[in-house]
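Peer 1: Quick one: the structure is below, questions incoming.
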Amino acid sequence: MRLSTLFGETLREVPSESDSVSSQMLARAGYVRQLAAGLYSYLPLAQRSLRKIEQILREEMDAINGQELCMPVVHPAEIWQESGRWYEIGDEMARFQDRKGRELVLAMTHEEVVGILCKTEIRSYRQLPQMVYHLQTKFRDEPRPRAGLIRVREFVMKDSYSLDQDFEGLQSQYEAHYDAYHRFGARLGINLVAVQSDPGMMGGKIAHEFMYITPVGEDSLVICDETGYAANLDVASFQKIPEPASHEEPLVRVHTPDQKTIAKVAHFCGVSTRQTGKMVFYMGEFGSEEPSRLVAACVRGDMEVNELQLQYAVKAQSLRPAETSEITSVGCVPGFASFRDIDRSKAILVADDLIPESKNLIIGANEVDWHYTGANYGRDFTADVVAPIALAYDGAPDPINGKPLRFVRGIEVGNIFQLGTRYSERLGALFNDQDGKEQPIVMGSYGIGVGRALACVAEQYSDEYGMDLPISVAPYQVILVSLGRAGEVFEAAEALYRELLAANIEVLYDDRSVSPGVKFADADLRGIPLRCTVSSRSLNNGGAEFGRRRSKDLQIIPLDSAVAHIQKAIDECFESLHQRLENLPTWVSRVS
C-alpha cells in the first residue's frame, strides 16, 4: 500500500474527545474517527487490524470445533419477549418499529436467535454437542460511552454458543472457551486475567470475565497474588472474621450528641469501627405489579454494602439510594438508625452474614443523639434476610487461604456464561434424548469485543511517539520509507517495494513528497513494528537501513537480500508471540 494514496491522515493534536491513551493514539494514527458519542468509523488501517483480530478468533473457535454462521442484527421483539429479556433490559436496548408498526430490536447479543435456530435444526441427541459462532455488529445504548473503543454503543463482537444435551457437556465446552480466550490474548500480545463475575442479564449461574489489567479500566477487581483467586468486586467473596468477645454484654442506651457517622460514634465510645453496625437504605423496585419498598441493609461499621448482592438477596429488579423522607417513614432517623423499633411492614431488613456472629455492637437507637451499646443479633434485633452483602475491600482475606486481596482495575475484553436451559426452555429449543423424551438443550454463551481488544493492545503498546503494535495486530508488518523522490534512491525503494509485494510481505510504502521528519513521525504514530529506510546515506553504506520501530540498533541490509532479512525479522516477531502461549492459565491449572 502506498501512503500517498492511503485514506486517513495522522493528527498532530490530540482530539478533544480522546480520554484514554488508546483513544488518543488510534485517532492520531489515522485508525478511527468519532462520528458521535460511542459511534466510530474504522479507517483502512484499523480495518486491517480488526480483520487480523477476527481471524485469530476464527482460528481459536475453529480449533474447539466451532462452526461459523451469521445471524441478523435486527430481531423481532417477540423472541426477546419469549425469553423474558424484553421486560428485564432497560434503556440500553434499542427498540423501534418498522413501517407496519411491528416491534423490533437491535441485537445486543444473540441467545434468542440461536434458540430459534435450534428449534428447526436440532432434533436428536445424536446432533449434540454443537458450537456455533459469528462475528457480528451489536448495539447497546450505553449511557456514558467513554475511552474511545473501550466503551462504545455500536461494536463488533465474536459471540459463540455451545449446545449440549447435559451439563457435563456444557462444562467441557466452557473449559475449552476458557483456555481459548487465554490463547487469544497471548496471540494479541496481551495478558488476560479470568475473574469470577456476575451473569447479569445473560442469566445462568457461572460466569467469568477476561480482563486486561490497566488503571484506565472501568471494572473494579480483587485478586490474590498468592492463591490466584480473582473476581469482579461485585461478586468477590472473602473471609469474615468477627471481633473476639467472651460474653454478651447488656444492651445500654447511651447519649451520643452529634455523633452521626460510624467513625465519630466509634471514637466517642472508644472502640473500633469493627464493633459498630452500619445502616444503609435503598428503595427497591420489584416489578410493575409490586410497589417499591424500602430496603434497610446492615453491615459491620468498617465495611460497605455490596449493592448487587443486596439486590439479589431481596430479589429486586433495581435499587436506588433512599431519600430522607423515605427513611423516616419507617421510623428510622438518619445517622442514628438501626433495625430496632423500625416499622417492619414497610421495609425489608437485610443483615450481612457477619452481623449474627458479631457480639456487642454499637447501633443506632432511632432517636437523634442516641445509640445502643452491647447490641446482639437475635436478642436485641433481627433481620428478614441474612446474606453475604458486604463489599470486599483492599487487604481482605481471600476465601481460599485467607491471603490478602488486592484491588486492581481492568477492561473486560471477553466473557463466558453457563446459561443452562434458561433460553431453551423459554424458546422451546428441545431435543429427543436416548429414550425419546424431549429435553431442553443446555446452552453456553461466550463473547469477545473485537474493537475493545484492539483498544487494549493500543493501551499496552503505546509510547509518547505513537504505537508499536505486535506483528499479529499491526495493519502492516513493515513500513518502507523512501527519502528520495527521484534518482537512485527512488528507483531502489520502488524496486524493493515490488519485491516485498511479490514475497507476500505486508508493506506500507511511504512514497510521499514530504520531509523525512514528517515521514518518521508518522511511522512512529502508525504502529508498524518493522521499519526499512532507503536513503542516499543507506545506499552509500551498502543498502537499506532496517530495524524495529524506534530502535537504536539498526542495521544496513543489502538490497539483494533485503526481502530475506525482513522475512526473518517478521518470523522472529511471530516466534516471540508464540512463546507467550507457553505456560498460559488453563481451566485445569486454575482448579489444581
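Just remember, in the C-alpha cells the first chain shown is A, the second B, etc., residues are 1-based per chain, and ligands are 1-based in the order shown.
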So which residues touch range 269-283 of chain A within 7 Å, counting only C-alpha atoms, skipping near sequence neighbours fewer than 2 positions away, as a PyMOL selection string?
Peer 2: chain A and resi 262-263+265-267+285+292-302+319-322+337-338+361-363
Peer 1: Fewer than 2 positions away in the same chain doesn't count, so skip those; otherwise give me all residues within 7 Å of Ser160 in chain A, counting only C-alpha atoms, as an NGL selection string.
Peer 2: :A and (131-134 or 158 or 162 or 445-447)
Peer 1: Tell me, in Å to one decimal, how far CA of Gln136 in chain A is from CA of Thr214 in chain A.
Peer 2: 26.8 Å
Peer 1: At a cut-off of 12 Å, using only C-alpha atoms, what residues contact Lys437 in chain A? Leave out same-chain residues fewer than 5 positions from it and give the result as a list of chain:residue names.
Peer 2: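 In the requested form, the answer reads A:Arg123, A:Ser124, A:Tyr125, A:Gln165, A:Leu430, A:Phe431, A:Asn432.
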Peer 1: Report as a short mmCIF file (atom, residue, chain, number, x, y, z; two decimals) with N, CA and C atoms, in the first residue's frame all protein, DNA and RNA residues lying within 12 Å of Val235 in chain A, evaluated on only C-alpha atoms, omitting residues in the same chain fewer than 6 positions from it.
Peer 2:
```cif
data_model
loop_
_atom_site.label_atom_id
_atom_site.label_comp_id
_atom_site.auth_asym_id
_atom_site.auth_seq_id
_atom_site.Cartn_x
_atom_site.Cartn_y
_atom_site.Cartn_z
N VAL A 195 -11.62 -13.68 35.73
CA VAL A 195 -12.16 -13.39 37.06
C VAL A 195 -13.59 -13.88 37.14
N GLN A 196 -14.00 -14.34 38.30
CA GLN A 196 -15.39 -14.70 38.52
C GLN A 196 -16.24 -13.44 38.37
N SER A 197 -17.43 -13.60 37.78
CA SER A 197 -18.25 -12.43 37.50
C SER A 197 -19.72 -12.73 37.69
N ASP A 198 -20.50 -11.67 37.59
CA ASP A 198 -21.95 -11.76 37.71
C ASP A 198 -22.56 -12.07 36.35
N PRO A 199 -23.43 -13.08 36.24
CA PRO A 199 -24.05 -13.37 34.94
C PRO A 199 -24.90 -12.24 34.39
N GLY A 200 -25.42 -11.38 35.27
CA GLY A 200 -26.18 -10.21 34.82
C GLY A 200 -27.38 -10.58 33.97
N LYS A 205 -25.69 -19.48 36.15
CA LYS A 205 -25.13 -19.45 37.49
C LYS A 205 -23.61 -19.22 37.52
N ILE A 206 -22.92 -19.58 36.45
CA ILE A 206 -21.46 -19.48 36.45
C ILE A 206 -21.04 -18.58 35.30
N ALA A 207 -20.14 -17.65 35.58
CA ALA A 207 -19.65 -16.74 34.54
C ALA A 207 -18.25 -16.28 34.90
N HIS A 208 -17.46 -16.03 33.88
CA HIS A 208 -16.12 -15.45 34.05
C HIS A 208 -15.95 -14.31 33.05
N GLU A 209 -15.23 -13.29 33.47
CA GLU A 209 -14.82 -12.20 32.59
C GLU A 209 -13.32 -12.31 32.36
N ASP A 219 -13.77 -1.57 35.39
CA ASP A 219 -14.19 -2.58 36.36
C ASP A 219 -13.24 -2.65 37.54
N SER A 220 -13.81 -2.78 38.72
CA SER A 220 -13.01 -2.98 39.94
C SER A 220 -12.89 -4.47 40.19
N LEU A 221 -11.68 -4.93 40.39
CA LEU A 221 -11.42 -6.35 40.57
C LEU A 221 -10.63 -6.56 41.86
N VAL A 222 -10.75 -7.75 42.42
CA VAL A 222 -9.89 -8.15 43.53
C VAL A 222 -9.17 -9.42 43.12
N ASN A 306 -22.39 -4.22 49.40
CA ASN A 306 -22.31 -4.66 48.02
C ASN A 306 -23.72 -4.58 47.44
N GLU A 307 -23.98 -3.54 46.66
CA GLU A 307 -25.35 -3.29 46.20
C GLU A 307 -25.89 -4.40 45.31
N LEU A 308 -25.04 -4.99 44.49
CA LEU A 308 -25.51 -6.07 43.63
C LEU A 308 -25.95 -7.27 44.45
N GLN A 309 -25.16 -7.65 45.44
CA GLN A 309 -25.54 -8.79 46.27
C GLN A 309 -26.76 -8.49 47.13
N LEU A 310 -26.91 -7.22 47.53
CA LEU A 310 -28.11 -6.83 48.27
C LEU A 310 -29.34 -6.95 47.36
N TYR A 312 -29.72 -8.95 44.84
CA TYR A 312 -30.05 -10.37 44.69
C TYR A 312 -30.69 -10.93 45.96
N PRO A 388 -24.63 -12.64 52.45
CA PRO A 388 -23.31 -12.00 52.32
C PRO A 388 -23.40 -10.73 51.47
N ILE A 389 -23.70 -9.60 52.09
CA ILE A 389 -23.92 -8.35 51.36
C ILE A 389 -22.81 -7.33 51.59
N ALA A 390 -21.74 -7.72 52.27
CA ALA A 390 -20.63 -6.79 52.49
C ALA A 390 -19.69 -6.81 51.29
N LEU A 391 -19.17 -5.65 50.94
CA LEU A 391 -18.28 -5.50 49.79
C LEU A 391 -16.85 -5.84 50.20
N ALA A 392 -16.18 -6.62 49.36
CA ALA A 392 -14.76 -6.92 49.62
C ALA A 392 -13.95 -5.63 49.65
#
```
Peer 1: Got a sec: who's within 12 Å of Asp179 in chain A, counting only C-alpha atoms, leaving out chain neighbours fewer than 2 positions off, as number ranges by chain?
Peer 2: A: 60-61, 63-64, 172-177, 181-186, 192-194, 208, 210, 416, 581, 583-590
Peer 1: Need the shell around Pro399 in chain A: protein/DNA/RNA residues with any atom at most 9 Å away, counting only C-alpha atoms. Skip same-chain ones fewer than 2 positions apart. Format as a list in words?
Peer 2: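 Near neighbours after the sequence-gap exclusion: Tyr229, Ala236, Ser237, Phe238, Gln239, Lys240, Pro397, Asn401, Gly402 and Lys403 of chain A.
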Peer 1: Dump N, CA and C atoms for the selected residues as a compact mmCIF listing (two decimals), in the first residue's frame?
Peer 2:
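Once everything was written out, this is out-v4.txt:
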```
# COMPACT_ATOMS: atom_id res chain seq x y z
N TYR A 229 -6.79 -16.39 43.41
CA TYR A 229 -8.21 -16.03 43.41
C TYR A 229 -8.39 -14.69 42.71
N ALA A 236 -17.13 -10.71 44.47
CA ALA A 236 -15.99 -11.20 45.25
C ALA A 236 -16.43 -11.63 46.64
N SER A 237 -15.94 -12.78 47.06
CA SER A 237 -16.17 -13.24 48.42
C SER A 237 -14.86 -13.14 49.21
N PHE A 238 -14.98 -13.13 50.51
CA PHE A 238 -13.79 -13.03 51.36
C PHE A 238 -14.13 -13.58 52.73
N GLN A 239 -13.11 -13.93 53.46
CA GLN A 239 -13.32 -14.46 54.80
C GLN A 239 -13.68 -13.33 55.76
N LYS A 240 -14.68 -13.59 56.56
CA LYS A 240 -15.13 -12.59 57.53
C LYS A 240 -14.84 -13.09 58.94
N PRO A 397 -9.07 -10.86 53.64
CA PRO A 397 -8.56 -12.22 53.47
C PRO A 397 -9.32 -12.95 52.37
N ASN A 401 -7.37 -19.23 51.25
CA ASN A 401 -6.44 -19.45 52.37
C ASN A 401 -6.29 -18.23 53.27
N GLY A 402 -7.14 -17.23 53.07
CA GLY A 402 -7.07 -16.06 53.93
C GLY A 402 -5.94 -15.11 53.59
N LYS A 403 -5.35 -15.25 52.41
CA LYS A 403 -4.28 -14.35 51.99
C LYS A 403 -4.88 -13.02 51.55
```
Peer 1: One decimal, Å: what's the distance from CA of Leu525 in chain A over to CA of Asp19 in chain A, could you say?
Peer 2: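 Straight-line distance from CA of Leu525 in chain A to CA of Asp19 in chain A works out to 17.6 Å.
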Peer 1: Tell me which protein, DNA and RNA residues are within 9 Å of range 566-576 of chain A, counting only C-alpha atoms, leaving out same-chain ones fewer than 5 positions away, and put them as a PyMOL selection string.
Peer 2: chain A and resi 187+470-472+477-478+500+503+505+529-530+532+546-548+561
Peer 1: Grab the residues selected above and save them as a PDB file, in the first residue's frame with N, CA and C atoms.
Peer 2:
```
ATOM      1  N   ARG A 187      -1.909 -14.347  21.744  1.00  0.00           N
ATOM      2  CA  ARG A 187      -1.599 -14.125  20.324  1.00  0.00           C
ATOM      3  C   ARG A 187      -1.694 -12.637  19.958  1.00  0.00           C
ATOM      4  N   PRO A 470       2.022  -5.249  18.134  1.00  0.00           N
ATOM      5  CA  PRO A 470       2.549  -6.590  17.838  1.00  0.00           C
ATOM      6  C   PRO A 470       2.312  -6.952  16.378  1.00  0.00           C
ATOM      7  N   ILE A 471       3.168  -7.799  15.847  1.00  0.00           N
ATOM      8  CA  ILE A 471       3.120  -8.176  14.438  1.00  0.00           C
ATOM      9  C   ILE A 471       1.775  -8.808  14.063  1.00  0.00           C
ATOM     10  N   SER A 472       1.105  -9.450  15.039  1.00  0.00           N
ATOM     11  CA  SER A 472      -0.160 -10.136  14.769  1.00  0.00           C
ATOM     12  C   SER A 472      -1.319  -9.177  14.610  1.00  0.00           C
ATOM     13  N   GLN A 477       3.137  -5.296   8.298  1.00  0.00           N
ATOM     14  CA  GLN A 477       4.275  -5.858   9.022  1.00  0.00           C
ATOM     15  C   GLN A 477       5.484  -4.952   8.991  1.00  0.00           C
ATOM     16  N   VAL A 478       5.657  -4.211   7.900  1.00  0.00           N
ATOM     17  CA  VAL A 478       6.839  -3.365   7.741  1.00  0.00           C
ATOM     18  C   VAL A 478       6.426  -2.080   7.026  1.00  0.00           C
ATOM     19  N   LEU A 500       8.912  -6.841  -2.110  1.00  0.00           N
ATOM     20  CA  LEU A 500       8.184  -7.185  -0.876  1.00  0.00           C
ATOM     21  C   LEU A 500       6.763  -7.628  -1.190  1.00  0.00           C
ATOM     22  N   ALA A 503       6.748 -11.090  -2.512  1.00  0.00           N
ATOM     23  CA  ALA A 503       7.018 -12.087  -1.463  1.00  0.00           C
ATOM     24  C   ALA A 503       5.858 -12.184  -0.468  1.00  0.00           C
ATOM     25  N   ILE A 505       4.766 -10.030   1.586  1.00  0.00           N
ATOM     26  CA  ILE A 505       5.027  -9.330   2.840  1.00  0.00           C
ATOM     27  C   ILE A 505       4.142  -8.088   2.885  1.00  0.00           C
ATOM     28  N   PRO A 529       5.498  -2.397  13.241  1.00  0.00           N
ATOM     29  CA  PRO A 529       6.600  -2.819  14.120  1.00  0.00           C
ATOM     30  C   PRO A 529       7.983  -2.799  13.481  1.00  0.00           C
ATOM     31  N   LEU A 530       8.081  -2.968  12.147  1.00  0.00           N
ATOM     32  CA  LEU A 530       9.386  -3.008  11.481  1.00  0.00           C
ATOM     33  C   LEU A 530       9.496  -1.847  10.503  1.00  0.00           C
ATOM     34  N   CYS A 532      11.950  -0.071   7.352  1.00  0.00           N
ATOM     35  CA  CYS A 532      13.054  -0.142   6.396  1.00  0.00           C
ATOM     36  C   CYS A 532      13.145   1.197   5.684  1.00  0.00           C
ATOM     37  N   PHE A 546      17.512  -0.929   8.418  1.00  0.00           N
ATOM     38  CA  PHE A 546      16.392  -1.768   8.857  1.00  0.00           C
ATOM     39  C   PHE A 546      16.468  -2.043  10.352  1.00  0.00           C
ATOM     40  N   GLY A 547      15.294  -2.109  10.993  1.00  0.00           N
ATOM     41  CA  GLY A 547      15.229  -2.455  12.411  1.00  0.00           C
ATOM     42  C   GLY A 547      13.824  -2.303  12.948  1.00  0.00           C
ATOM     43  N   ARG A 548      13.698  -2.506  14.250  1.00  0.00           N
ATOM     44  CA  ARG A 548      12.425  -2.328  14.922  1.00  0.00           C
ATOM     45  C   ARG A 548      12.090  -0.853  15.033  1.00  0.00           C
ATOM     46  N   SER A 561      19.399  -8.907  -0.672  1.00  0.00           N
ATOM     47  CA  SER A 561      18.915  -9.877   0.330  1.00  0.00           C
ATOM     48  C   SER A 561      17.968  -9.227   1.331  1.00  0.00           C
TER      49      SER A 561
END
```
Peer 1: Extract the full set of alpha helix (DSSP H) residues from range 438-510 of chain A according to DSSP on the backbone, and format it as a list in words.
Peer 2: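 Restricting range 438-510 of chain A to alpha helix (DSSP H) produces Val450, Gly451, Arg452, Ala453, Leu454, Ala455, Cys456, Val457, Ala458, Glu459, Gln460, Gly487, Glu488, Val489, Phe490, Glu491, Ala492, Ala493, Glu494, Ala495, Leu496, Tyr497, Arg498, Glu499, Leu500, Leu501 and Ala502 of chain A.
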